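Below is one structure, written out as structure tokens, with a few remarks after it.
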Amino acid sequence: QVQLVESGGGLVQTGGSLRISCSASESVFSTAVMGWYRQAPGKQREFVAEITSGWSTNYADSLLGRFFISRDNGKNAVTLMMNSLQPKDTAVYYCRARQGWSEYWGQGTQVTVSS
């Protein structure tokens, strides 16, 4: 059974930084495209960033230069470093693994940015 477990969310002040991580089952991590999505209250889930097994990255245009995604193959984990956080970044952040035609989601971690 594939599991994705996010960690590292919390409360941060405007302008601060936060790192969130997602640990994935070894069976999927090595070949999956790992990504982050977020869902703010009353809004649809939106793409944040993704990274392939070959370390190619893709970001939502609005987050370029502030958010950075990386992966640690030794720990089967993907990390999202978020800088210069704003209240508009407040959301539940979800980890996603895409492997072929299959996709898996974590349970989400709350990130709250106070003004």
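For the structure tokens, the naming scheme is as follows: chains receive sequential letters (A, B, ...) according to their order of presentation, residues are indexed from 1 within each chain, and ligands are indexed from 1 in presentation order.
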Checklist line | strand (DSSP E or B) residues, from DSSP on the backbone, in chain A, as a PyMOL selection string | finding: chain A and resi 4-7+10-13+18-24+33-39+46-51+57-59+67-72+77-82+91-99+102-105+109-114
Next item on the list: Identify, on the basis of only C-alpha atoms, every residue whose closest approach to Lys88 in chain A does not exceed 12 Å; exclude the query and any residue fewer than 2 positions from it along the same chain; express the result as a list in words.
Entry: Gln13, Thr14, Gly15, Arg38, Gln39, Ala40, Pro41, Lys43, Ser62, Leu63, Ser84, Leu85, Gln86, Thr90, Ala91, Val92, Val111, Thr112, Val113, Ser114 and Ser115 of chain A
Next, dump the selected residues to file, keeping only N, CA, C and O atoms, as a CSV table (one decimal), in the first residue's frame.
chain,number,residue,atom,x,y,z
A,13,GLN,N,4.6,33.8,10.5
A,13,GLN,CA,4.3,35.2,10.2
A,13,GLN,C,4.6,35.6,8.8
A,13,GLN,O,5.4,35.0,8.1
A,14,THR,N,3.9,36.6,8.3
A,14,THR,CA,4.2,37.2,7.0
A,14,THR,C,5.6,37.5,6.8
A,14,THR,O,6.3,38.1,7.7
A,15,GLY,N,6.1,37.0,5.7
A,15,GLY,CA,7.6,37.2,5.4
A,15,GLY,C,8.4,36.1,5.8
A,15,GLY,O,9.6,36.1,5.5
A,38,ARG,N,-2.0,22.7,-3.3
A,38,ARG,CA,-2.5,23.4,-2.1
A,38,ARG,C,-4.0,23.7,-2.3
A,38,ARG,O,-4.4,23.9,-3.5
A,39,GLN,N,-4.7,23.8,-1.2
A,39,GLN,CA,-6.1,24.2,-1.3
A,39,GLN,C,-6.4,25.1,-0.2
A,39,GLN,O,-6.4,24.8,1.0
A,40,ALA,N,-6.8,26.3,-0.6
A,40,ALA,CA,-7.2,27.3,0.4
A,40,ALA,C,-8.7,27.2,0.7
A,40,ALA,O,-9.4,26.7,-0.2
A,41,PRO,N,-9.2,27.7,1.8
A,41,PRO,CA,-10.6,27.6,2.1
A,41,PRO,C,-11.4,28.2,1.0
A,41,PRO,O,-11.2,29.4,0.6
A,43,LYS,N,-11.6,27.4,-2.0
A,43,LYS,CA,-11.0,27.5,-3.4
A,43,LYS,C,-10.7,26.0,-3.8
A,43,LYS,O,-10.6,25.1,-3.0
A,62,SER,N,3.1,31.8,-10.4
A,62,SER,CA,3.0,32.8,-9.4
A,62,SER,C,3.9,32.5,-8.2
A,62,SER,O,4.1,33.4,-7.3
A,63,LEU,N,4.5,31.3,-8.1
A,63,LEU,CA,5.4,31.0,-7.0
A,63,LEU,C,6.8,30.9,-7.3
A,63,LEU,O,7.7,30.6,-6.4
A,84,SER,N,9.3,34.0,2.0
A,84,SER,CA,8.5,35.2,1.8
A,84,SER,C,7.0,34.9,1.8
A,84,SER,O,6.3,35.4,1.0
A,85,LEU,N,6.6,34.2,2.8
A,85,LEU,CA,5.2,33.7,2.9
A,85,LEU,C,4.3,34.9,3.1
A,85,LEU,O,4.6,35.8,3.9
A,86,GLN,N,3.1,34.8,2.5
A,86,GLN,CA,2.1,35.8,2.6
A,86,GLN,C,0.8,35.1,3.1
A,86,GLN,O,0.6,33.9,2.9
A,90,THR,N,-1.8,30.8,2.7
A,90,THR,CA,-2.5,29.9,3.7
A,90,THR,C,-3.3,28.9,3.0
A,90,THR,O,-4.2,29.2,2.2
A,91,ALA,N,-3.1,27.6,3.3
A,91,ALA,CA,-3.8,26.6,2.7
A,91,ALA,C,-3.4,25.2,3.3
A,91,ALA,O,-2.5,25.2,4.1
A,92,VAL,N,-4.1,24.2,2.9
A,92,VAL,CA,-3.7,22.8,3.2
A,92,VAL,C,-2.8,22.4,2.0
A,92,VAL,O,-3.3,22.5,0.9
A,111,VAL,N,-0.8,24.9,6.5
A,111,VAL,CA,0.1,26.1,6.5
A,111,VAL,C,-0.7,27.3,6.7
A,111,VAL,O,-1.6,27.6,5.9
A,112,THR,N,-0.4,28.0,7.8
A,112,THR,CA,-1.2,29.3,8.1
A,112,THR,C,-0.2,30.4,8.2
A,112,THR,O,0.8,30.3,9.0
A,113,VAL,N,-0.4,31.5,7.4
A,113,VAL,CA,0.5,32.6,7.4
A,113,VAL,C,-0.3,33.8,8.1
A,113,VAL,O,-1.4,34.2,7.5
A,114,SER,N,0.2,34.3,9.2
A,114,SER,CA,-0.5,35.4,9.9
A,114,SER,C,0.0,36.7,9.4
A,114,SER,O,1.1,36.9,9.1
A,115,SER,N,-1.0,37.7,9.4
A,115,SER,CA,-0.6,39.0,8.9
A,115,SER,C,-0.1,39.9,10.0
A,115,SER,O,-0.2,39.5,11.2
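Of the residues listed (A:Asp72, A:Glu26, A:Glu6, A:Asp89), A:Asp89 shows the shortest atom-to-atom separation from Glu46 in chain A; distances use only C-alpha atoms.
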Next item on the list: With a distance cut-off of 9 Å and only C-alpha atoms, select the neighbouring residues of Tyr104 in chain A, excluding the residue or stretch itself and same-chain residues fewer than 3 positions from it, and output the selection as number ranges by chain.
Entry: A: 2-4, 95-99
Write the residues you've just listed into a file as a PDB file, in the first residue's frame, and include N, CA and C atoms for each of them.
ATOM      1  N   VAL A   2       0.611   2.137  -0.935  1.00  0.00           N
ATOM      2  CA  VAL A   2       1.397   3.354  -1.042  1.00  0.00           C
ATOM      3  C   VAL A   2       0.932   4.358  -0.001  1.00  0.00           C
ATOM      4  N   GLN A   3       1.889   4.916   0.696  1.00  0.00           N
ATOM      5  CA  GLN A   3       1.568   5.934   1.688  1.00  0.00           C
ATOM      6  C   GLN A   3       2.389   7.187   1.454  1.00  0.00           C
ATOM      7  N   LEU A   4       1.734   8.312   1.596  1.00  0.00           N
ATOM      8  CA  LEU A   4       2.387   9.604   1.560  1.00  0.00           C
ATOM      9  C   LEU A   4       2.048  10.312   2.855  1.00  0.00           C
ATOM     10  N   CYS A  95       0.710  16.480  -0.722  1.00  0.00           N
ATOM     11  CA  CYS A  95       1.745  15.808  -1.487  1.00  0.00           C
ATOM     12  C   CYS A  95       1.085  14.845  -2.465  1.00  0.00           C
ATOM     13  N   ARG A  96       1.616  14.777  -3.652  1.00  0.00           N
ATOM     14  CA  ARG A  96       1.079  13.891  -4.678  1.00  0.00           C
ATOM     15  C   ARG A  96       2.218  13.132  -5.344  1.00  0.00           C
ATOM     16  N   ALA A  97       1.994  11.860  -5.574  1.00  0.00           N
ATOM     17  CA  ALA A  97       2.933  11.028  -6.317  1.00  0.00           C
ATOM     18  C   ALA A  97       2.234  10.535  -7.568  1.00  0.00           C
ATOM     19  N   ARG A  98       2.868  10.756  -8.688  1.00  0.00           N
ATOM     20  CA  ARG A  98       2.304  10.313  -9.977  1.00  0.00           C
ATOM     21  C   ARG A  98       3.256   9.294 -10.586  1.00  0.00           C
ATOM     22  N   GLN A  99       2.745   8.102 -10.795  1.00  0.00           N
ATOM     23  CA  GLN A  99       3.567   7.020 -11.325  1.00  0.00           C
ATOM     24  C   GLN A  99       2.783   6.350 -12.438  1.00  0.00           C
TER      25      GLN A  99
END
Item checked: Selection: 8 Å around range 52-58 of chain A, only C-alpha atoms, excl. self and same-chain fewer than 2 positions, as a count of residues only -> 11
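Each of A:Asp61, A:Gln1, A:Tyr37, A:Ser25 was compared to Tyr93 in chain A using only C-alpha atoms, and A:Tyr37 turns out to be the nearest.
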Checklist line | Between CA of Phe29 in chain A and CA of Val78 in chain A, distance in Å (one decimal) | finding: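 Between CA of Phe29 in chain A and CA of Val78 in chain A the gap is 9.1 Å.
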Note to self: Could you check the closest approach to Gly9 in chain A for each of A:Trp101, A:Asn73, A:Phe47, A:Leu80 and tell me which residue wins, using only C-alpha atoms?
What the structure shows: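 Using only C-alpha atoms, Gly9 in chain A sits closest to A:Leu80.
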Note to self: So the first atom is CA of Ser102 in chain A and the second is CA of Trp36 in chain A; what is the distance between them in Å, to one decimal place?
What the structure shows: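 Calculated distance between CA of Ser102 in chain A and CA of Trp36 in chain A is 15.9 Å.
Minimum atom-to-atom distance to Leu18 in chain A, evaluated using only C-alpha atoms, belongs to A:Arg66 out of A:Tyr94, A:Arg66, A:Gly42, A:Gln107.
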